[in-house]
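Enquirer: Take a look at the following structure, please.
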Amino acid sequence: MSSVRIVNEETQKKVFEFQLLQAHLQELQQRQQMVAERMAELNRTKAAFEELKTVKAGDSALIPLGGENFVPGKIADTNNILVGIGGGVAIKKSVDGAAEILDGRISEMEKVADELTTDIQATIAQLARLQSELEAMRE
C-alpha cells in the first residue's frame with residue numbers, strides 16, 4: 001500500500017508541475033503576443049517616418065487622438081519629431097535622429113522576442129518530458 005501512495009504523491013507532484021508549466025507557457029505566449037503587437041506598432045511608426053519625408057510643411061494630415069479617432073490638421077514641421085522618452089517627457093529630434101531611436105527600440109523588442117521564443121521552446125520541451133514521465137507512471 002505504501003508504494004501506491006508514493007506513486008500517487010510522485011504523480012501528484014508531476015501533475016502539479018505540469019500545470020504550473022502550462023500556466024507559465026500561457027504567460028510567455030501572452031507576452032510574446034504583446035511584444036509582436038509592440039513591434040508592429042514600431043514598424044508602422046517607422047513607415048510613417050519615411051512617409052513624412054515626402055510631405056511638405058502646411059500639408060493636411062489626420063492627427064491620431066487614440067482609439068482610432070482623428071482630428072484634421074496641418075503639418076507644421078517636417079524636419080523634426082517629438083520623441084517620447086518616458087515619464088511624459090518628449091525631446092525634439094530630426095527625422096533621422098528619431099529613426100535611430102526607433103531602430104534601437106525595434107532592436108530591443110527583437111531581442112525580447114528571441115528570448116521569449118527560447119523560453120517558450122524550453123517550456124514546451126519540459127512539458128513534453130513531464131508528459132512522457134506521467135504516461136510511464138500510468139503503465
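Residues are named by chain letter and number: chains run A, B, ... in the order of the C-alpha cells, numbers start at 1 in each chain, and ligands are numbered from 1 in the order shown.
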I'd like the neighbourhood of Thr45 in chain A as a list of chain:residue names, where a residue qualifies if any of its atoms comes within 12 Å (using only C-alpha atoms), though same-chain residues fewer than 2 positions away should be ignored.

Expert: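 Answer for this query is A:Arg38, A:Met39, A:Ala40, A:Glu41, A:Leu42, A:Asn43, A:Ala47, A:Ala48, A:Phe49, A:Glu50, A:Glu51, A:Leu52, A:Ile81, A:Val83, A:Val95, A:Ala98, A:Ala99, A:Ile101, A:Leu102, A:Asp103, A:Arg105, A:Ile106.
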
Enquirer: Keeping only C-alpha atoms, write the selected residues to a file as a PDB file, in the first residue's frame.

Expert:
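Output file out28.pdb is given in full below:
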ATOM      1  CA  ARG A  38       4.520  46.481 -29.987  1.00  0.00           C
ATOM      2  CA  MET A  39       6.882  45.573 -32.839  1.00  0.00           C
ATOM      3  CA  ALA A  40       4.070  46.035 -35.362  1.00  0.00           C
ATOM      4  CA  GLU A  41       3.371  49.465 -33.865  1.00  0.00           C
ATOM      5  CA  LEU A  42       7.043  50.417 -34.059  1.00  0.00           C
ATOM      6  CA  ASN A  43       7.235  49.269 -37.680  1.00  0.00           C
ATOM      7  CA  ALA A  47       6.864  53.655 -42.143  1.00  0.00           C
ATOM      8  CA  ALA A  48       5.251  56.942 -41.057  1.00  0.00           C
ATOM      9  CA  PHE A  49       8.721  58.460 -40.620  1.00  0.00           C
ATOM     10  CA  GLU A  50       9.538  57.502 -44.200  1.00  0.00           C
ATOM     11  CA  GLU A  51       6.237  58.947 -45.400  1.00  0.00           C
ATOM     12  CA  LEU A  52       6.994  62.189 -43.549  1.00  0.00           C
ATOM     13  CA  ILE A  81       9.755  64.913 -34.494  1.00  0.00           C
ATOM     14  CA  VAL A  83      10.079  61.619 -29.442  1.00  0.00           C
ATOM     15  CA  VAL A  95      13.613  62.683 -38.556  1.00  0.00           C
ATOM     16  CA  ALA A  98      14.122  59.901 -34.298  1.00  0.00           C
ATOM     17  CA  ALA A  99      14.534  56.979 -36.714  1.00  0.00           C
ATOM     18  CA  ILE A 101      15.923  55.907 -31.584  1.00  0.00           C
ATOM     19  CA  LEU A 102      13.120  53.926 -33.167  1.00  0.00           C
ATOM     20  CA  ASP A 103      15.581  51.427 -34.665  1.00  0.00           C
ATOM     21  CA  ARG A 105      13.603  50.246 -29.766  1.00  0.00           C
ATOM     22  CA  ILE A 106      12.878  47.775 -32.563  1.00  0.00           C
TER      23      ILE A 106
END

Enquirer: I'd like the neighbourhood of Leu82 in chain A as a list of chain:residue names, where a residue qualifies if any of its atoms comes within 7 Å (using only C-alpha atoms), though same-chain residues fewer than 2 positions away should be ignored.

Expert: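 Surrounding residues, per the criterion: A:Asn80, A:Gly84, A:Ala90, A:Ile91, A:Lys92, A:Lys93.
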
Enquirer: Would you work out the distance separating CA of Arg138 in chain A from CA of Asn8 in chain A, expressed in Å to one decimal?

Expert: 10.2 Å

Enquirer: To one decimal place, how far is CA of Phe16 in chain A from CA of Gln126 in chain A in Å?

Expert: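 Those two atoms sit 13.2 Å apart.
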
Enquirer: Report the distance between CA of Val55 in chain A and CA of Gly73 in chain A in Å, rounded to one decimal place.

Expert: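 Distance between the two atoms: 13.3 Å.
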
Enquirer: Would you please work out which residue, of A:Arg129, A:Lys74, A:Lys46, A:Lys111, is nearest to Gly58 in chain A when using only C-alpha atoms?

Expert: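 Residue with the minimum atom-to-atom distance to Gly58 in chain A: A:Lys74.
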
Enquirer: From chain A, collect each residue whose DSSP state is alpha helix (DSSP H) and return the set as a PyMOL selection string.

Expert: chain A and resi 2-52+95-138

Enquirer: Within 12 Å of Arg31 in chain A, counting only C-alpha atoms, which residues show up once you throw out same-chain ones fewer than 6 positions away? Write them as an mmCIF file with N, CA and C atoms, in the first residue's frame, please.

Expert:
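The resulting file, selection_19.cif, is shown below:
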data_model
loop_
_atom_site.group_PDB
_atom_site.id
_atom_site.type_symbol
_atom_site.label_atom_id
_atom_site.label_comp_id
_atom_site.auth_asym_id
_atom_site.auth_seq_id
_atom_site.Cartn_x
_atom_site.Cartn_y
_atom_site.Cartn_z
ATOM 1 N N HIS A 24 2.724 28.807 -17.046
ATOM 2 C CA HIS A 24 3.896 29.602 -17.424
ATOM 3 C C HIS A 24 3.978 29.755 -18.943
ATOM 4 N N LEU A 25 3.697 28.682 -19.655
ATOM 5 C CA LEU A 25 3.703 28.731 -21.121
ATOM 6 C C LEU A 25 2.661 29.722 -21.627
ATOM 7 N N GLU A 37 2.782 42.781 -31.013
ATOM 8 C CA GLU A 37 1.941 43.965 -31.248
ATOM 9 C C GLU A 37 2.767 45.247 -31.144
ATOM 10 N N ARG A 38 3.659 45.306 -30.156
ATOM 11 C CA ARG A 38 4.520 46.481 -29.987
ATOM 12 C C ARG A 38 5.455 46.627 -31.186
ATOM 13 N N MET A 109 13.122 45.152 -28.917
ATOM 14 C CA MET A 109 11.943 44.288 -28.986
ATOM 15 C C MET A 109 12.278 42.961 -29.672
ATOM 16 N N VAL A 112 13.938 40.805 -27.086
ATOM 17 C CA VAL A 112 12.929 40.277 -26.156
ATOM 18 C C VAL A 112 12.147 39.150 -26.825
ATOM 19 N N ALA A 113 11.781 39.349 -28.095
ATOM 20 C CA ALA A 113 11.033 38.315 -28.829
ATOM 21 C C ALA A 113 11.857 37.035 -28.947
ATOM 22 N N ASP A 114 13.152 37.169 -29.227
ATOM 23 C CA ASP A 114 14.029 35.996 -29.330
ATOM 24 C C ASP A 114 14.125 35.266 -27.987
ATOM 25 N N GLU A 115 14.269 36.032 -26.901
ATOM 26 C CA GLU A 115 14.345 35.427 -25.569
ATOM 27 C C GLU A 115 13.045 34.692 -25.236
ATOM 28 N N LEU A 116 11.924 35.304 -25.567
ATOM 29 C CA LEU A 116 10.632 34.659 -25.309
ATOM 30 C C LEU A 116 10.490 33.370 -26.114
ATOM 31 N N THR A 117 10.921 33.399 -27.363
ATOM 32 C CA THR A 117 10.860 32.199 -28.198
ATOM 33 C C THR A 117 11.698 31.082 -27.585
ATOM 34 N N ASP A 119 12.519 30.766 -24.393
ATOM 35 C CA ASP A 119 11.843 30.328 -23.170
ATOM 36 C C ASP A 119 10.637 29.445 -23.481
ATOM 37 N N ILE A 120 9.893 29.794 -24.511
ATOM 38 C CA ILE A 120 8.726 29.008 -24.902
ATOM 39 C C ILE A 120 9.160 27.611 -25.350
#

Enquirer: Go through chain A and collect every residue that DSSP, computed from the backbone, puts in strand (DSSP E or B); the answer should be as a ChimeraX atom specification.

Expert: /A:60-66,69-74,80-86,89-94

Enquirer: Print the selection's residues with N, CA and C atoms to a file, as a compact mmCIF listing (two decimals), in the first residue's frame.

Expert:
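Contents of out.txt, freshly written:
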# COMPACT_ATOMS: atom_id res chain seq x y z
N SER A 60 -2.03 68.93 -45.31
CA SER A 60 -3.06 68.43 -44.41
C SER A 60 -2.70 67.03 -43.93
N ALA A 61 -3.16 66.72 -42.71
CA ALA A 61 -2.91 65.39 -42.14
C ALA A 61 -4.02 65.07 -41.14
N LEU A 62 -4.19 63.79 -40.88
CA LEU A 62 -5.10 63.35 -39.82
C LEU A 62 -4.24 63.06 -38.59
N ILE A 63 -4.55 63.71 -37.50
CA ILE A 63 -3.76 63.57 -36.28
C ILE A 63 -4.48 62.59 -35.36
N PRO A 64 -3.82 61.49 -35.03
CA PRO A 64 -4.48 60.47 -34.19
C PRO A 64 -4.68 60.96 -32.76
N LEU A 65 -5.87 60.70 -32.23
CA LEU A 65 -6.18 61.03 -30.85
C LEU A 65 -6.19 59.79 -29.97
N GLY A 66 -6.17 58.61 -30.61
CA GLY A 66 -6.26 57.34 -29.89
C GLY A 66 -7.60 56.70 -30.14
N ASN A 69 -9.47 57.42 -33.44
CA ASN A 69 -10.10 58.73 -33.61
C ASN A 69 -9.04 59.72 -34.07
N PHE A 70 -9.44 60.60 -35.01
CA PHE A 70 -8.50 61.53 -35.60
C PHE A 70 -9.12 62.92 -35.66
N VAL A 71 -8.25 63.91 -35.77
CA VAL A 71 -8.68 65.28 -36.00
C VAL A 71 -7.88 65.80 -37.19
N PRO A 72 -8.53 66.52 -38.10
CA PRO A 72 -7.76 67.06 -39.22
C PRO A 72 -6.82 68.16 -38.74
N GLY A 73 -5.67 68.24 -39.38
CA GLY A 73 -4.70 69.26 -39.02
C GLY A 73 -3.75 69.53 -40.16
N LYS A 74 -2.76 70.35 -39.87
CA LYS A 74 -1.73 70.68 -40.86
C LYS A 74 -0.36 70.36 -40.26
N ASN A 80 11.47 67.83 -37.96
CA ASN A 80 11.68 67.43 -36.57
C ASN A 80 10.48 66.64 -36.06
N ILE A 81 10.78 65.75 -35.12
CA ILE A 81 9.75 64.91 -34.49
C ILE A 81 9.95 65.00 -32.99
N LEU A 82 8.84 65.06 -32.26
CA LEU A 82 8.93 64.97 -30.80
C LEU A 82 8.88 63.49 -30.43
N VAL A 83 9.93 63.03 -29.78
CA VAL A 83 10.08 61.62 -29.44
C VAL A 83 9.86 61.44 -27.94
N GLY A 84 8.88 60.62 -27.59
CA GLY A 84 8.64 60.32 -26.19
C GLY A 84 9.77 59.47 -25.63
N ILE A 85 10.27 59.89 -24.45
CA ILE A 85 11.37 59.14 -23.83
C ILE A 85 10.95 58.58 -22.47
N GLY A 86 9.66 58.64 -22.18
CA GLY A 86 9.15 58.08 -20.93
C GLY A 86 8.82 59.16 -19.92
N VAL A 89 7.75 62.74 -20.95
CA VAL A 89 8.76 63.67 -21.47
C VAL A 89 9.04 63.33 -22.92
N ALA A 90 9.14 64.38 -23.75
CA ALA A 90 9.48 64.21 -25.17
C ALA A 90 10.62 65.15 -25.51
N ILE A 91 11.46 64.70 -26.45
CA ILE A 91 12.56 65.53 -26.92
C ILE A 91 12.42 65.73 -28.41
N LYS A 92 12.90 66.87 -28.88
CA LYS A 92 12.86 67.19 -30.30
C LYS A 92 14.06 66.56 -30.98
N LYS A 93 13.78 65.79 -32.05
CA LYS A 93 14.83 65.13 -32.82
C LYS A 93 14.56 65.33 -34.30
N SER A 94 15.64 65.30 -35.08
CA SER A 94 15.47 65.31 -36.53
C SER A 94 14.79 63.99 -36.91
